[in-house]
>>> print(open('query-v4.cif').read())   # mmCIF, C-alpha atoms and all ligand atoms
data_data
#
loop_
_atom_site.label_atom_id
_atom_site.label_comp_id
_atom_site.auth_asym_id
_atom_site.auth_seq_id
_atom_site.Cartn_x
_atom_site.Cartn_y
_atom_site.Cartn_z
CA MET A 7 32.63 -39.41 25.21
CA SER A 8 31.88 -42.89 23.91
CA ARG A 9 30.59 -44.60 27.02
CA LYS A 10 28.14 -43.51 29.70
CA VAL A 11 29.92 -43.30 33.05
CA LEU A 12 28.38 -44.74 36.19
CA ALA A 13 28.77 -41.45 38.06
CA ASP A 14 28.74 -38.28 36.02
CA TYR A 15 30.08 -35.33 38.01
CA ASN A 16 29.15 -32.81 35.30
CA GLY A 17 27.08 -30.08 36.92
CA TYR A 18 27.69 -31.44 40.43
CA ASP A 19 29.60 -29.22 42.85
CA TYR A 20 31.57 -32.05 44.47
CA LYS A 21 33.97 -29.60 46.13
CA LYS A 22 31.26 -27.66 47.96
CA ILE A 23 28.69 -30.38 48.59
CA PHE A 24 30.90 -33.34 49.49
CA TRP A 25 33.87 -31.59 51.11
CA GLU A 26 33.24 -27.98 52.15
CA ASP A 27 29.66 -28.32 53.43
CA ALA A 28 30.28 -31.63 55.19
CA ASP A 29 32.32 -32.58 58.23
CA ARG A 30 35.11 -34.37 56.36
CA GLU A 31 38.33 -32.79 57.66
CA TYR A 32 39.35 -36.16 59.11
CA GLU A 33 38.72 -38.08 55.84
CA ASP A 34 40.63 -35.46 53.83
CA ALA A 35 43.59 -35.60 56.22
CA ALA A 36 43.55 -39.43 56.15
CA ASP A 37 43.75 -39.43 52.33
CA ARG A 38 46.60 -36.92 52.37
CA MET A 39 48.75 -38.77 54.91
CA ALA A 40 48.36 -42.02 52.93
CA ILE A 41 49.37 -40.32 49.68
CA ARG A 42 52.45 -38.79 51.36
CA LYS A 43 53.51 -42.27 52.48
CA LEU A 44 52.96 -43.94 49.11
CA LEU A 45 53.85 -41.52 46.29
CA PRO A 46 57.49 -41.38 45.17
CA GLU A 47 59.35 -38.31 46.52
CA LYS A 48 60.46 -37.33 43.00
CA MET A 49 58.47 -38.06 39.84
CA GLY A 50 58.86 -37.06 36.20
CA GLU A 51 55.53 -37.33 34.37
CA PHE A 52 52.67 -37.81 36.85
CA ALA A 53 48.88 -38.10 36.45
CA ASP A 54 46.08 -37.70 38.99
CA LEU A 55 43.48 -40.01 37.38
CA CYS A 56 39.83 -39.14 38.09
CA GLY A 57 41.38 -36.28 40.02
CA GLY A 58 38.18 -34.22 40.22
CA TYR A 59 38.73 -30.53 41.01
CA GLY A 60 42.31 -31.13 42.17
CA ARG A 61 41.58 -31.53 45.89
CA LEU A 62 44.84 -33.42 46.35
CA ALA A 63 47.04 -31.45 43.94
CA ASP A 64 49.08 -29.93 46.80
CA GLU A 65 50.27 -33.44 47.65
CA TYR A 66 51.98 -34.05 44.29
CA LEU A 67 52.77 -30.72 42.61
CA SER A 68 56.09 -30.32 44.42
CA ARG A 69 57.08 -33.96 43.75
CA ALA A 70 56.35 -34.09 40.00
CA LYS A 71 58.26 -32.48 37.16
CA HIS A 72 54.98 -32.29 35.24
CA ALA A 73 51.50 -33.16 36.50
CA THR A 74 48.32 -33.94 34.53
CA LEU A 75 44.87 -34.03 36.07
CA PHE A 76 42.60 -36.41 34.14
CA ASP A 77 38.83 -36.61 34.68
CA TYR A 78 35.59 -37.23 32.82
CA SER A 79 33.82 -34.17 34.26
CA LYS A 80 34.20 -30.77 32.62
CA THR A 81 32.80 -29.15 35.79
CA GLU A 82 35.61 -30.65 37.89
CA LEU A 83 38.29 -29.81 35.32
CA GLU A 84 37.18 -26.19 35.10
CA GLN A 85 37.48 -25.81 38.88
CA ALA A 86 40.95 -27.39 38.76
CA GLN A 87 42.03 -25.06 35.96
CA GLU A 88 40.78 -22.03 37.89
CA LYS A 89 42.87 -22.91 40.94
CA TYR A 90 45.96 -24.52 39.39
CA HIS A 91 46.22 -22.71 36.05
CA GLY A 92 49.79 -23.05 34.75
CA LYS A 93 50.73 -25.54 37.47
CA LEU A 94 49.12 -28.64 35.98
CA SER A 95 47.61 -29.76 32.67
CA THR A 96 43.99 -30.88 32.61
CA VAL A 97 42.77 -33.59 30.23
CA ALA A 98 39.17 -34.79 29.77
CA GLY A 99 38.31 -38.39 29.01
CA ASP A 100 37.11 -41.79 30.09
CA ILE A 101 39.30 -44.02 32.28
CA TYR A 102 38.71 -46.96 29.92
CA GLU A 103 40.18 -45.15 26.88
CA MET A 104 42.67 -42.58 28.07
CA PRO A 105 44.20 -40.29 25.44
CA PHE A 106 47.78 -40.99 26.59
CA SER A 107 50.46 -42.96 24.79
CA ASP A 108 51.86 -46.25 26.12
CA GLY A 109 54.42 -45.81 28.90
CA ASN A 110 53.78 -42.05 29.20
CA PHE A 111 53.87 -41.77 33.01
CA ASP A 112 56.38 -42.50 35.77
CA ALA A 113 53.62 -42.49 38.37
CA VAL A 114 49.85 -42.05 38.68
CA MET A 115 47.34 -41.99 41.49
CA MET A 116 43.61 -42.67 41.53
CA ILE A 117 41.77 -41.80 44.73
CA ARG A 118 38.05 -42.26 45.52
CA ALA A 119 37.26 -43.32 41.95
CA THR A 120 37.29 -47.14 41.68
CA HIS A 121 33.89 -47.26 43.43
CA HIS A 122 32.48 -45.66 40.26
CA PHE A 123 33.80 -48.33 37.88
CA GLU A 124 31.76 -51.22 36.56
CA HIS A 125 34.88 -52.62 34.90
CA LEU A 126 37.78 -52.28 37.32
CA ASP A 127 39.78 -54.84 35.33
CA ARG A 128 39.61 -52.73 32.16
CA ALA A 129 40.54 -49.56 34.03
CA MET A 130 43.56 -51.30 35.60
CA ARG A 131 44.76 -52.64 32.24
CA GLU A 132 44.51 -49.11 30.83
CA ILE A 133 46.50 -47.70 33.77
CA HIS A 134 49.09 -50.42 33.22
CA ARG A 135 49.35 -49.40 29.56
CA ILE A 136 50.05 -45.70 30.24
CA LEU A 137 52.73 -46.40 32.88
CA LYS A 138 56.42 -47.00 32.25
CA THR A 139 57.84 -50.35 33.37
CA ASP A 140 58.54 -50.09 37.14
CA GLY A 141 56.11 -47.14 37.22
CA VAL A 142 54.04 -46.58 40.36
CA ALA A 143 50.25 -46.51 40.68
CA VAL A 144 48.72 -45.42 44.00
CA VAL A 145 45.12 -46.67 43.94
CA GLU A 146 42.40 -46.34 46.56
CA VAL A 147 39.57 -48.88 46.79
CA ALA A 148 36.31 -48.83 48.78
CA ASN A 149 36.37 -51.90 51.04
CA LYS A 150 33.23 -54.05 51.40
CA LYS A 151 34.51 -56.13 54.37
CA THR A 152 34.74 -53.52 57.12
CA LEU A 153 33.72 -54.28 60.71
CA PRO A 154 30.50 -52.15 60.65
CA LYS A 155 29.45 -53.82 57.37
CA LYS A 156 30.06 -57.27 58.90
CA ILE A 157 28.01 -56.35 61.98
CA ARG A 158 25.14 -54.99 59.86
CA TYR A 159 25.14 -58.19 57.81
CA ILE A 160 25.24 -60.52 60.84
CA LEU A 161 22.38 -58.57 62.48
CA ARG A 162 20.48 -58.79 59.15
CA ARG A 163 20.34 -55.01 58.83
CA SER A 164 22.02 -55.27 55.42
CA LYS A 165 21.83 -57.81 52.63
CA VAL A 166 25.30 -56.91 51.40
CA ASN A 167 27.45 -59.95 52.13
CA PRO A 168 30.88 -58.55 53.10
CA TYR A 169 32.47 -62.01 52.83
CA SER A 170 31.65 -62.68 49.16
CA LEU A 171 34.34 -61.71 46.67
CA GLU A 172 31.85 -60.24 44.18
CA PRO A 173 31.89 -56.43 43.71
CA GLN A 174 28.82 -55.00 45.39
CA LYS A 175 26.71 -52.16 44.00
CA ILE A 176 25.29 -50.23 46.94
CA ASP A 177 21.52 -49.83 46.59
CA GLY A 178 20.39 -46.28 45.87
CA TYR A 179 23.92 -45.04 45.12
CA ASN A 180 26.11 -45.28 42.03
CA ILE A 181 28.81 -46.82 44.17
CA ILE A 182 30.57 -50.19 44.08
CA ASN A 183 32.43 -51.67 47.07
CA TYR A 184 35.09 -54.32 46.61
CA HIS A 185 36.47 -57.22 48.56
CA PRO A 186 40.26 -56.69 48.92
CA LYS A 187 40.95 -60.22 47.67
CA TYR A 188 39.00 -59.46 44.50
CA VAL A 189 40.86 -56.22 43.75
CA GLU A 190 44.23 -57.74 44.54
CA LYS A 191 43.55 -60.47 41.97
CA VAL A 192 42.52 -57.81 39.41
CA PHE A 193 45.73 -55.84 40.08
CA LYS A 194 47.92 -58.91 39.61
CA GLU A 195 46.10 -60.00 36.45
CA ALA A 196 46.54 -56.51 34.99
CA GLY A 197 50.32 -56.86 35.45
CA PHE A 198 51.02 -55.14 38.77
CA LYS A 199 53.00 -56.16 41.82
CA ILE A 200 51.48 -55.03 45.16
CA ASP A 201 54.29 -53.14 46.88
CA LYS A 202 52.55 -51.63 49.91
CA VAL A 203 49.07 -51.57 51.48
CA LEU A 204 47.58 -49.03 53.92
CA SER A 205 44.33 -49.08 55.88
CA VAL A 206 42.88 -45.56 55.55
CA SER A 207 40.03 -43.67 57.28
CA ASN A 208 40.08 -46.27 60.06
CA PHE A 209 37.97 -44.10 62.39
CA ARG A 210 35.43 -42.79 59.87
CA SER A 211 32.45 -42.42 62.17
CA GLY A 212 30.36 -39.47 63.33
CA LYS A 213 30.27 -40.93 66.84
CA LEU A 214 34.07 -41.26 67.06
CA LYS A 215 34.49 -37.68 65.79
CA LYS A 216 32.25 -36.45 68.60
CA MET A 217 33.94 -38.65 71.20
CA PHE A 218 37.60 -37.91 70.39
CA GLY A 219 37.52 -34.73 68.29
CA THR A 220 38.87 -34.51 64.74
CA LYS A 221 42.44 -33.47 65.67
CA ARG A 222 42.92 -36.45 67.96
CA LEU A 223 41.42 -38.85 65.42
CA ILE A 224 43.83 -37.54 62.77
CA ARG A 225 46.79 -38.31 65.08
CA MET A 226 45.42 -41.79 65.78
CA GLU A 227 44.83 -42.35 62.06
CA ASN A 228 48.45 -41.62 61.21
CA ARG A 229 49.64 -44.41 63.50
CA ALA A 230 46.89 -46.85 62.47
CA GLN A 231 47.32 -46.84 58.68
CA GLY A 232 50.18 -49.38 58.49
CA GLY A 233 50.86 -52.52 60.52
CA LEU A 234 48.12 -54.83 61.71
CA LEU A 235 45.15 -52.85 60.36
CA ALA A 236 46.73 -52.81 56.90
CA LYS A 237 47.29 -56.58 57.12
CA MET A 238 43.63 -57.02 58.11
CA ARG A 239 42.44 -54.71 55.28
CA PHE A 240 40.41 -53.10 58.10
CA ALA A 241 39.28 -49.63 56.98
CA PRO A 242 36.62 -48.46 54.50
CA SER A 243 39.43 -47.20 52.23
CA ILE A 244 42.33 -49.45 51.29
CA TYR A 245 45.28 -47.80 49.58
CA TYR A 246 47.67 -49.76 47.36
CA ARG A 247 51.06 -48.86 45.95
CA LEU A 248 51.34 -50.93 42.78
CA ILE A 249 54.39 -51.38 40.57
CA LYS A 250 54.07 -52.12 36.87
CA ILE A 251 56.01 -55.29 36.06
C1 LIG A 301 34.65 -39.00 44.22
S1 LIG A 301 35.42 -38.06 42.94
C2 LIG A 301 37.12 -38.13 43.47
C3 LIG A 301 37.96 -36.99 42.95
C4 LIG A 301 39.39 -36.94 43.51
N1 LIG A 301 40.15 -38.11 43.13
C5 LIG A 301 39.38 -36.76 45.00
O1 LIG A 301 39.72 -37.70 45.72
O2 LIG A 301 39.01 -35.66 45.45
C6 LIG A 301 35.40 -39.18 41.59
C7 LIG A 301 35.86 -38.57 40.28
O3 LIG A 301 35.96 -39.63 39.31
C8 LIG A 301 35.54 -39.12 38.05
N2 LIG A 301 35.14 -40.26 37.22
C9 LIG A 301 34.19 -41.18 37.47
N3 LIG A 301 34.13 -42.09 36.49
C10 LIG A 301 35.06 -41.75 35.57
C11 LIG A 301 35.50 -42.30 34.33
N4 LIG A 301 34.93 -43.40 33.82
N5 LIG A 301 36.51 -41.70 33.67
C12 LIG A 301 37.09 -40.57 34.17
N6 LIG A 301 36.73 -40.00 35.35
C13 LIG A 301 35.72 -40.58 36.03
C14 LIG A 301 34.39 -38.18 38.40
O4 LIG A 301 34.16 -37.26 37.37
C15 LIG A 301 34.90 -37.55 39.71
O5 LIG A 301 35.59 -36.34 39.47
#
>>> encode(input="query-v4.cif", output="structure tokens")
Amino acid sequence: MSRKVLADYNGYDYKKIFWEDADREYEDAADRMAIRKLLPEKMGEFADLCGGYGRLADEYLSRAKHATLFDYSKTELEQAQEKYHGKLSTVAGDIYEMPFSDGNFDAVMMIRATHHFEHLDRAMREIHRILKTDGVAVVEVANKKTLPKKIRYILRRSKVNPYSLEPQKIDGYNIINYHPKYVEKVFKEAGFKIDKVLSVSNFRSGKLKKMFGTKRLIRMENRAQGGLLAKMRFAPSIYYRLIKI
């Protein structure tokens, strides 16, 4: 691999530590319902970019004629191969230099990965390259202008200015949060049209989980993802359906 990645998941059990050992049923369900709303019903060649261990494979395997899971981490790819052997192809590589030919895919998705990129513009140009014209990219972005982040900033509990358009590296973590206006400019400059936007994980809060219970929050989330909250770019995760023009 030619370039050092910001977050190297080699040797890290993302599946167990981040998902199985943590209370994230609501976040997982929120991701899945957004993907169901945004991915085309039928796809030819499809790629799950930075797809990790294939957490979301069940959401696209029945829709795609052929699916590829692409990721930098051999640890993640091995777990994906173990579970989905014969059902999808796994390919290792760096998002900035993907080993796919121009116009190879009808659709791709990239979930919970842009917060690891120092060069979102380069990643988006590379995704544009590997898609067919009119191809679909479903891309999730970590939002820096959420309500809790605004409150923390106003109360001077955080120095992260949620109003500035600059990407923000979160202290102590290898994570970058983005202002929606910034990413939308990057998408357009890379050659995409923004077709649909969803506000996702609107109720991501330990307190709300305790108050309402996960099942109820999941039902509320399904209704909240579109409409006004999407227009406001409200949630910590913003999902985009992009079309290559
Ligand atoms: C938070 S995980 C998300 C995995 C999956 N999309 C999901 O939602 O479960 C981020 C993934 O991005 C991968 N990744 C990070 N930087 C990368 C890069 N430059 N090229 C390829 N994959 C990368 C990591 O190896 C990791 O598997």
>>> residues_around(input="query-v4.cif", residues="Ser68 (chain A)", least_positions_apart="4", cutoff="12 Å", atoms="all atoms listed in the file", output="CSV table (one decimal) with C-alpha atoms, in the frame of the given file")
chain,number,residue,atom,x,y,z
A,42,ARG,CA,52.4,-38.8,51.4
A,45,LEU,CA,53.8,-41.5,46.3
A,46,PRO,CA,57.5,-41.4,45.2
A,47,GLU,CA,59.4,-38.3,46.5
A,48,LYS,CA,60.5,-37.3,43.0
A,49,MET,CA,58.5,-38.1,39.8
A,50,GLY,CA,58.9,-37.1,36.2
A,52,PHE,CA,52.7,-37.8,36.8
A,62,LEU,CA,44.8,-33.4,46.4
A,63,ALA,CA,47.0,-31.4,43.9
A,64,ASP,CA,49.1,-29.9,46.8
A,72,HIS,CA,55.0,-32.3,35.2
A,73,ALA,CA,51.5,-33.2,36.5
A,93,LYS,CA,50.7,-25.5,37.5
A,94,LEU,CA,49.1,-28.6,36.0
>>> closest_residue(input="query-v4.cif", among="A:Thr81, A:Asn208, A:Asn149, A:Asn228", to="ligand LIG 301 (chain A)", atoms="only C-alpha atoms and all ligand atoms")
A:Thr81
>>> residues_near_ligand(input="query-v4.cif", ligand="ligand LIG 301 (chain A)", cutoff="6 Å", atoms="only C-alpha atoms and all ligand atoms", output="PyMOL selection string")
chain A and resi 11+13-15+56-58+61+77-79+82+99-101+116-119+122
>>> atom_distance(input="query-v4.cif", atom1="CA of Phe24 (chain A)", atom2="CA of Asn167 (chain A)")
27.0 Å
>>> closest_residue(input="query-v4.cif", among="A:Ile176, A:Leu248, A:Ile160, A:Val189", to="Lys202 (chain A)", atoms="all atoms listed in the file")
A:Leu248
>>> closest_residue(input="query-v4.cif", among="A:Gln85, A:Thr152, A:Leu223, A:Phe106", to="Ile136 (chain A)", atoms="only C-alpha atoms")
A:Phe106
>>> axis_aligned_box(input="query-v4.cif", around="region 95-110 of chain A", padding_each_side="8 Å", output="AutoDock Vina command-line options")
--center_x 45.8 --center_y -38.4 --center_z 28.7 --size_x 33.3 --size_y 33.2 --size_z 23.9
